[in-house]
Amino acid sequence: MSQKTSHGLPIVDASEVGMSAERLMNLNKHFKKYVDEDLLSGWAVTVAREGKVAHSASGGLADRESSKPIADDTIYRIFSMTKPITAVAALMLWEEGLFELTDPVSKFIPEFGESKVFEGGSFLRPVLGPQTKAMEMWHLFTHTAGLTYGFMYQHPVDELYRRAGMEWGFPRELDLAGVCSLLARQPLLFQPGSEWNYSTSIDVLGRVVEVISGQRLGDFLKQRIFTPLGMSDTAFYCPDEKQDRLAALYSAHAKTRLATRADAVDRGTHKMPAADGGGGGLVSTMGDYVRFAEMLRGGGEFNGQRLLSSRTVEYMGSNHLPEDADLTSFGRPLGAANDYDGIGFGLGVSVTIDPVATKTAGSFGDFGWGGAAATFYWVDPVEDLTVTFMTQLMMSPHTFSRQLKQLVHQALVD
């Protein structure tokens, strides 16, 4: 009898991989409460250990208004979970010797050699100075380039991004070369390499991939990553023939926190965009992203297809912040300050450098990232574990990733 599989992985009893099936049910009960209280429309999770699925579950609806259930092939907007994929694409070119991490970004996008640095004033009268250190490739991977996002609302430069048409995305008519030209004309928040700030830097990295490869980013990803891994539903838009599988998008109501339909936020999902944003824009399925996560857990290889060396994956998942700093001490964190205690940053992924400081169950060296609609994944090399979570709740006020880490770790019994 052939073994059952899920998302390209064999399904086993949790006990075969040192996990408790009974304890994993705590996860289902926990997220069921969110659906029952209308805080979440639907969710799905896959927990794999040793390359085998120990737990795969879902609850609620992909589209509450049409009563469409979550299915294995439901398509989700993964937003910033695009970033680790772009980072892998760039590292594939790095492995070919086509750039060095210390190369100036201006070697590939000359406009960034002319970018000025914000030194004071306001968005109306900014005081600008020159770069004292060139923006380098490793700054793009690690969000230390001095770039930002218009939606941050933390700094005068954020306002300049918004005034340039960059708040939740980019001007729709621009290709990625045009986007990077526009970004390069905005001031940097700080001197490259001196701080961490979540930003458009991976979009710029995606443009470097285009320049080096001579291909549009989406074409490169399809040829070099998606097709080899069997990620057949991952792309920069959802085509007409797959629209019935696309989950609806929700946001948390500002006062009640109830999940509220948010179609207006759904930019670009239904047609090919002018720019393939390296930092966001992909749609994907649970199965597709599990394959990507498992490739990283497998040291760059999945089902006989090797994308990266195991040494490169280890290097990617190492903390690249100066003096092994965490994001709280070195950066301008996204959420509450203590959300980033004990968390460093690697090449396109966050990295746990002190599990005790995080106040969240985890392992030293586990790494991953999430997206704006509360999707996320992580890879745990210590526990030989991958966890992938899918939902569609914009700017969630809930700490799903922390909760899920807690629930997965309490189910480890070996």
# chains A, B, ... in the order shown; residues from 1 in each chain; ligands from 1

$ closest_atom_pairs --of "stretch 200-308 of chain A" --to "stretch 103-118 of chain A" --cutoff "9 Å" --atoms "only C-alpha atoms" --output "JSON lines"
{"residue": "A:Val204", "atom": "CA", "partner": "A:Ile109", "partner_atom": "CA", "distance": 8.7}
{"residue": "A:Leu205", "atom": "CA", "partner": "A:Val105", "partner_atom": "CA", "distance": 8.8}
{"residue": "A:Arg207", "atom": "CA", "partner": "A:Ile109", "partner_atom": "CA", "distance": 8.2}
{"residue": "A:Val208", "atom": "CA", "partner": "A:Phe108", "partner_atom": "CA", "distance": 6.1}
{"residue": "A:Val211", "atom": "CA", "partner": "A:Phe108", "partner_atom": "CA", "distance": 6.6}
{"residue": "A:Ile212", "atom": "CA", "partner": "A:Phe108", "partner_atom": "CA", "distance": 7.7}

$ residues_around --residues "A:Ser199" --least-positions-apart "3" --cutoff "8 Å" --atoms "only C-alpha atoms" --output "list in words"
His143, Leu147, Thr148, Tyr149 and Ile202 of chain A

$ residues_around --residues "stretch 357-364 of chain A" --least-positions-apart "5" --cutoff "12 Å" --atoms "only C-alpha atoms" --output "number ranges by chain"
A: 317-319, 326-328, 337-344, 350-352, 378-387, 399-412

$ write_last_selection --atoms "N, CA and C atoms" --output "compact mmCIF listing (two decimals), in the first residue's frame"
# COMPACT_ATOMS: atom_id res chain seq x y z
N GLY A 317 20.63 31.76 7.16
CA GLY A 317 19.92 31.73 8.43
C GLY A 317 20.77 32.14 9.62
N SER A 318 21.91 32.76 9.39
CA SER A 318 22.76 33.30 10.46
C SER A 318 22.44 34.78 10.65
N ASN A 319 22.71 35.28 11.84
CA ASN A 319 22.46 36.70 12.12
C ASN A 319 23.54 37.55 11.47
N ASP A 326 20.37 42.22 18.22
CA ASP A 326 19.00 41.88 17.87
C ASP A 326 18.31 43.12 17.31
N LEU A 327 17.10 42.93 16.81
CA LEU A 327 16.40 44.02 16.14
C LEU A 327 15.99 45.12 17.10
N THR A 328 15.73 44.77 18.35
CA THR A 328 15.37 45.79 19.33
C THR A 328 16.51 46.77 19.56
N ALA A 337 8.29 47.18 21.02
CA ALA A 337 9.75 47.03 21.07
C ALA A 337 10.16 45.62 21.47
N ASN A 338 9.51 45.04 22.47
CA ASN A 338 9.95 43.73 22.95
C ASN A 338 9.58 42.59 22.03
N ASP A 339 8.81 42.86 20.96
CA ASP A 339 8.49 41.81 19.98
C ASP A 339 9.74 41.31 19.28
N TYR A 340 10.80 42.09 19.30
CA TYR A 340 12.01 41.75 18.56
C TYR A 340 13.21 41.51 19.46
N ASP A 341 12.97 41.40 20.76
CA ASP A 341 14.04 40.98 21.66
C ASP A 341 14.49 39.57 21.26
N GLY A 342 15.79 39.38 21.15
CA GLY A 342 16.31 38.04 20.84
C GLY A 342 16.18 37.63 19.39
N ILE A 343 15.74 38.55 18.52
CA ILE A 343 15.56 38.24 17.10
C ILE A 343 16.57 39.03 16.28
N GLY A 344 17.41 38.35 15.54
CA GLY A 344 18.34 38.99 14.63
C GLY A 344 17.80 38.91 13.21
N SER A 350 14.22 36.56 9.30
CA SER A 350 14.52 36.82 10.71
C SER A 350 15.09 35.55 11.33
N VAL A 351 15.91 35.72 12.38
CA VAL A 351 16.62 34.60 12.98
C VAL A 351 16.55 34.73 14.50
N THR A 352 16.19 33.64 15.17
CA THR A 352 16.21 33.64 16.63
C THR A 352 17.63 33.48 17.12
N TRP A 378 8.18 29.21 9.50
CA TRP A 378 9.54 29.19 10.04
C TRP A 378 10.15 27.80 9.84
N VAL A 379 11.46 27.79 9.82
CA VAL A 379 12.26 26.57 9.70
C VAL A 379 13.09 26.46 10.97
N ASP A 380 13.07 25.30 11.59
CA ASP A 380 13.81 25.07 12.83
C ASP A 380 14.83 23.97 12.58
N PRO A 381 16.10 24.32 12.30
CA PRO A 381 17.10 23.29 12.05
C PRO A 381 17.39 22.41 13.26
N VAL A 382 17.22 22.94 14.47
CA VAL A 382 17.49 22.15 15.68
C VAL A 382 16.48 21.03 15.82
N GLU A 383 15.20 21.35 15.64
CA GLU A 383 14.13 20.36 15.79
C GLU A 383 13.78 19.68 14.47
N ASP A 384 14.49 20.04 13.38
CA ASP A 384 14.22 19.46 12.06
C ASP A 384 12.75 19.65 11.69
N LEU A 385 12.30 20.91 11.77
CA LEU A 385 10.88 21.22 11.74
C LEU A 385 10.60 22.36 10.78
N THR A 386 9.47 22.28 10.07
CA THR A 386 8.94 23.44 9.35
C THR A 386 7.47 23.61 9.74
N VAL A 387 7.06 24.86 9.86
CA VAL A 387 5.67 25.19 10.18
C VAL A 387 5.23 26.29 9.21
N THR A 399 -1.19 37.90 17.84
CA THR A 399 0.19 37.40 17.77
C THR A 399 0.19 35.92 17.36
N PHE A 400 -0.34 35.66 16.16
CA PHE A 400 -0.49 34.28 15.70
C PHE A 400 0.85 33.52 15.68
N SER A 401 1.90 34.17 15.21
CA SER A 401 3.17 33.44 15.07
C SER A 401 3.73 33.04 16.44
N ARG A 402 3.62 33.93 17.41
CA ARG A 402 4.08 33.59 18.77
C ARG A 402 3.23 32.46 19.35
N GLN A 403 1.92 32.57 19.15
CA GLN A 403 1.01 31.56 19.69
C GLN A 403 1.28 30.19 19.06
N LEU A 404 1.51 30.19 17.75
CA LEU A 404 1.72 28.91 17.07
C LEU A 404 3.04 28.27 17.47
N LYS A 405 4.06 29.07 17.67
CA LYS A 405 5.32 28.51 18.14
C LYS A 405 5.13 27.82 19.49
N GLN A 406 4.40 28.48 20.35
CA GLN A 406 4.10 27.91 21.67
C GLN A 406 3.36 26.59 21.53
N LEU A 407 2.37 26.56 20.66
CA LEU A 407 1.52 25.37 20.50
C LEU A 407 2.26 24.23 19.82
N VAL A 408 3.15 24.54 18.91
CA VAL A 408 3.92 23.48 18.25
C VAL A 408 4.96 22.92 19.21
N HIS A 409 5.65 23.78 19.93
CA HIS A 409 6.70 23.28 20.82
C HIS A 409 6.15 22.46 21.98
N GLN A 410 4.97 22.78 22.44
CA GLN A 410 4.41 21.96 23.53
C GLN A 410 4.01 20.57 23.06
N ALA A 411 3.96 20.39 21.74
CA ALA A 411 3.61 19.08 21.19
C ALA A 411 4.83 18.22 20.87
N LEU A 412 6.04 18.79 21.06
CA LEU A 412 7.28 18.00 20.89
C LEU A 412 7.52 17.18 22.15

$ residues_around --residues "A:Val349" --least-positions-apart "6" --cutoff "7 Å" --atoms "only C-alpha atoms" --output "list of chain:residue names"
A:Pro84, A:Gly317, A:Phe367, A:Gly368, A:Trp369

$ closest_residue --among "A:Met395, A:Leu321, A:Val209, A:Ala262" --to "A:Leu91" --atoms "only C-alpha atoms"
A:Val209

$ atom_distance --atom1 "atom CA of A:Ala57" --atom2 "atom CA of A:Ala44"
5.7 Å

$ select_by_dssp --residues "stretch 10-100 of chain A" --states "alpha helix (DSSP H)" --output "ChimeraX atom specification"
/A:21-36,82-95

$ write_last_selection --atoms "C-alpha atoms" --output "mmCIF file, in the first residue's frame"
data_model
loop_
_atom_site.group_PDB
_atom_site.id
_atom_site.type_symbol
_atom_site.label_atom_id
_atom_site.label_comp_id
_atom_site.auth_asym_id
_atom_site.auth_seq_id
_atom_site.Cartn_x
_atom_site.Cartn_y
_atom_site.Cartn_z
ATOM 1 C CA ALA A 21 -1.084 13.994 18.091
ATOM 2 C CA GLU A 22 -3.219 14.753 21.144
ATOM 3 C CA ARG A 23 -1.202 17.839 22.017
ATOM 4 C CA LEU A 24 -1.259 19.053 18.415
ATOM 5 C CA MET A 25 -5.043 19.222 18.710
ATOM 6 C CA ASN A 26 -4.523 22.160 21.081
ATOM 7 C CA LEU A 27 -3.539 24.067 17.965
ATOM 8 C CA ASN A 28 -6.871 23.331 16.260
ATOM 9 C CA LYS A 29 -8.849 24.293 19.348
ATOM 10 C CA HIS A 30 -6.932 27.532 19.702
ATOM 11 C CA PHE A 31 -7.538 28.793 16.173
ATOM 12 C CA LYS A 32 -11.123 27.532 16.137
ATOM 13 C CA LYS A 33 -11.867 30.129 18.818
ATOM 14 C CA TYR A 34 -10.785 32.916 16.482
ATOM 15 C CA VAL A 35 -13.215 31.673 13.821
ATOM 16 C CA ASP A 36 -16.024 31.142 16.325
ATOM 17 C CA THR A 82 7.698 36.839 -1.142
ATOM 18 C CA LYS A 83 10.889 38.235 0.417
ATOM 19 C CA PRO A 84 12.603 34.945 1.374
ATOM 20 C CA ILE A 85 11.904 33.630 -2.128
ATOM 21 C CA THR A 86 13.567 36.669 -3.696
ATOM 22 C CA ALA A 87 16.478 36.272 -1.283
ATOM 23 C CA VAL A 88 16.928 32.661 -2.395
ATOM 24 C CA ALA A 89 16.854 33.780 -6.037
ATOM 25 C CA ALA A 90 19.607 36.312 -5.352
ATOM 26 C CA LEU A 91 21.664 33.778 -3.416
ATOM 27 C CA MET A 92 21.488 31.398 -6.367
ATOM 28 C CA LEU A 93 23.206 34.092 -8.443
ATOM 29 C CA TRP A 94 25.640 34.763 -5.582
ATOM 30 C CA GLU A 95 26.589 31.076 -5.631
#

$ residues_around --residues "A:Thr227" --least-positions-apart "4" --cutoff "12 Å" --atoms "only C-alpha atoms" --output "MDAnalysis selection string"
chainID A and resid 218:223 231:235 288 291:292 302 305 307

$ residues_around --residues "A:Tyr76" --least-positions-apart "6" --cutoff "7 Å" --atoms "only C-alpha atoms" --output "count of residues only"
6

$ residues_around --residues "stretch 264-280 of chain A" --least-positions-apart "3" --cutoff "7 Å" --atoms "only C-alpha atoms" --output "number ranges by chain"
A: 79-83, 86, 172-176, 200, 202-203, 205-206, 217-218, 236-239

$ write_last_selection --atoms "C-alpha atoms" --output "mmCIF file, in the first residue's frame"
data_model
loop_
_atom_site.group_PDB
_atom_site.id
_atom_site.type_symbol
_atom_site.label_atom_id
_atom_site.label_comp_id
_atom_site.auth_asym_id
_atom_site.auth_seq_id
_atom_site.Cartn_x
_atom_site.Cartn_y
_atom_site.Cartn_z
ATOM 1 C CA PHE A 79 2.687 39.587 0.637
ATOM 2 C CA SER A 80 6.100 39.735 2.379
ATOM 3 C CA MET A 81 6.551 35.970 2.381
ATOM 4 C CA THR A 82 7.698 36.839 -1.142
ATOM 5 C CA LYS A 83 10.889 38.235 0.417
ATOM 6 C CA THR A 86 13.567 36.669 -3.696
ATOM 7 C CA ARG A 172 0.950 50.837 -11.010
ATOM 8 C CA GLU A 173 2.422 51.977 -14.300
ATOM 9 C CA LEU A 174 6.064 51.476 -13.255
ATOM 10 C CA ASP A 175 8.095 48.367 -13.952
ATOM 11 C CA LEU A 176 10.672 47.295 -11.371
ATOM 12 C CA THR A 200 11.562 48.078 0.214
ATOM 13 C CA ILE A 202 14.078 43.323 -1.098
ATOM 14 C CA ASP A 203 12.224 44.946 -3.979
ATOM 15 C CA LEU A 205 17.195 43.127 -4.510
ATOM 16 C CA GLY A 206 14.626 41.738 -6.948
ATOM 17 C CA LEU A 217 11.912 38.607 -11.785
ATOM 18 C CA GLY A 218 8.751 36.498 -12.110
ATOM 19 C CA PHE A 236 2.713 37.461 -9.122
ATOM 20 C CA TYR A 237 -1.001 37.329 -9.916
ATOM 21 C CA CYS A 238 -3.878 34.860 -9.876
ATOM 22 C CA PRO A 239 -5.064 34.093 -13.452
#

$ closest_residue --among "A:Asn197, A:Ser396, A:Thr388, A:Ser213" --to "A:Arg257" --atoms "only C-alpha atoms"
A:Ser396

$ select_by_dssp --residues "stretch 176-282 of chain A" --states "strand (DSSP E or B)" --output "short mmCIF file (atom, residue, chain, number, x, y, z; two decimals) with N, CA and C atoms, in the first residue's frame"
data_model
loop_
_atom_site.label_atom_id
_atom_site.label_comp_id
_atom_site.auth_asym_id
_atom_site.auth_seq_id
_atom_site.Cartn_x
_atom_site.Cartn_y
_atom_site.Cartn_z
N LEU A 188 17.48 58.48 2.03
CA LEU A 188 17.63 57.33 2.93
C LEU A 188 17.37 57.79 4.36
N TRP A 196 18.67 49.06 11.38
CA TRP A 196 17.73 48.15 10.70
C TRP A 196 16.39 48.86 10.61
N ASN A 197 15.79 48.82 9.42
CA ASN A 197 14.44 49.35 9.24
C ASN A 197 13.75 48.54 8.16
N ALA A 235 2.74 32.71 -8.14
CA ALA A 235 2.98 33.68 -9.21
C ALA A 235 2.67 35.07 -8.70
N LEU A 246 -9.10 31.54 -5.09
CA LEU A 246 -8.47 32.63 -4.34
C LEU A 246 -9.29 32.97 -3.10
N TYR A 250 -9.49 39.89 4.28
CA TYR A 250 -10.17 40.54 5.40
C TYR A 250 -9.18 41.42 6.16
N SER A 251 -9.72 42.31 6.98
CA SER A 251 -8.89 43.08 7.90
C SER A 251 -9.59 43.11 9.25
N ALA A 252 -8.82 43.37 10.29
CA ALA A 252 -9.40 43.45 11.63
C ALA A 252 -10.01 44.83 11.83
N ALA A 259 -13.24 40.30 11.93
CA ALA A 259 -12.74 40.18 10.56
C ALA A 259 -13.74 40.81 9.60
N THR A 260 -13.28 41.80 8.84
CA THR A 260 -14.14 42.59 7.97
C THR A 260 -13.61 42.50 6.54
N ARG A 261 -14.49 42.28 5.59
CA ARG A 261 -14.09 42.15 4.20
C ARG A 261 -13.26 43.36 3.77
#

$ closest_residue --among "A:Leu282, A:Tyr161, A:Thr132, A:Gly287" --to "A:Thr5" --atoms "only C-alpha atoms"
A:Gly287

$ atom_distance --atom1 "atom CA of A:Gln154" --atom2 "atom CA of A:Phe123"
11.7 Å

$ closest_residue --among "A:Leu160, A:Ala71, A:Ala177, A:Val53" --to "A:Leu9" --atoms "only C-alpha atoms"
A:Val53

$ closest_residue --among "A:Ala325, A:Leu140, A:Gly150, A:Thr375" --to "A:Arg163" --atoms "only C-alpha atoms"
A:Gly150

$ atom_distance --atom1 "atom CA of A:Glu136" --atom2 "atom CA of A:Gly214"
20.6 Å

$ closest_residue --among "A:Pro10, A:Lys68, A:Trp43, A:Met394" --to "A:His253" --atoms "only C-alpha atoms"
A:Met394
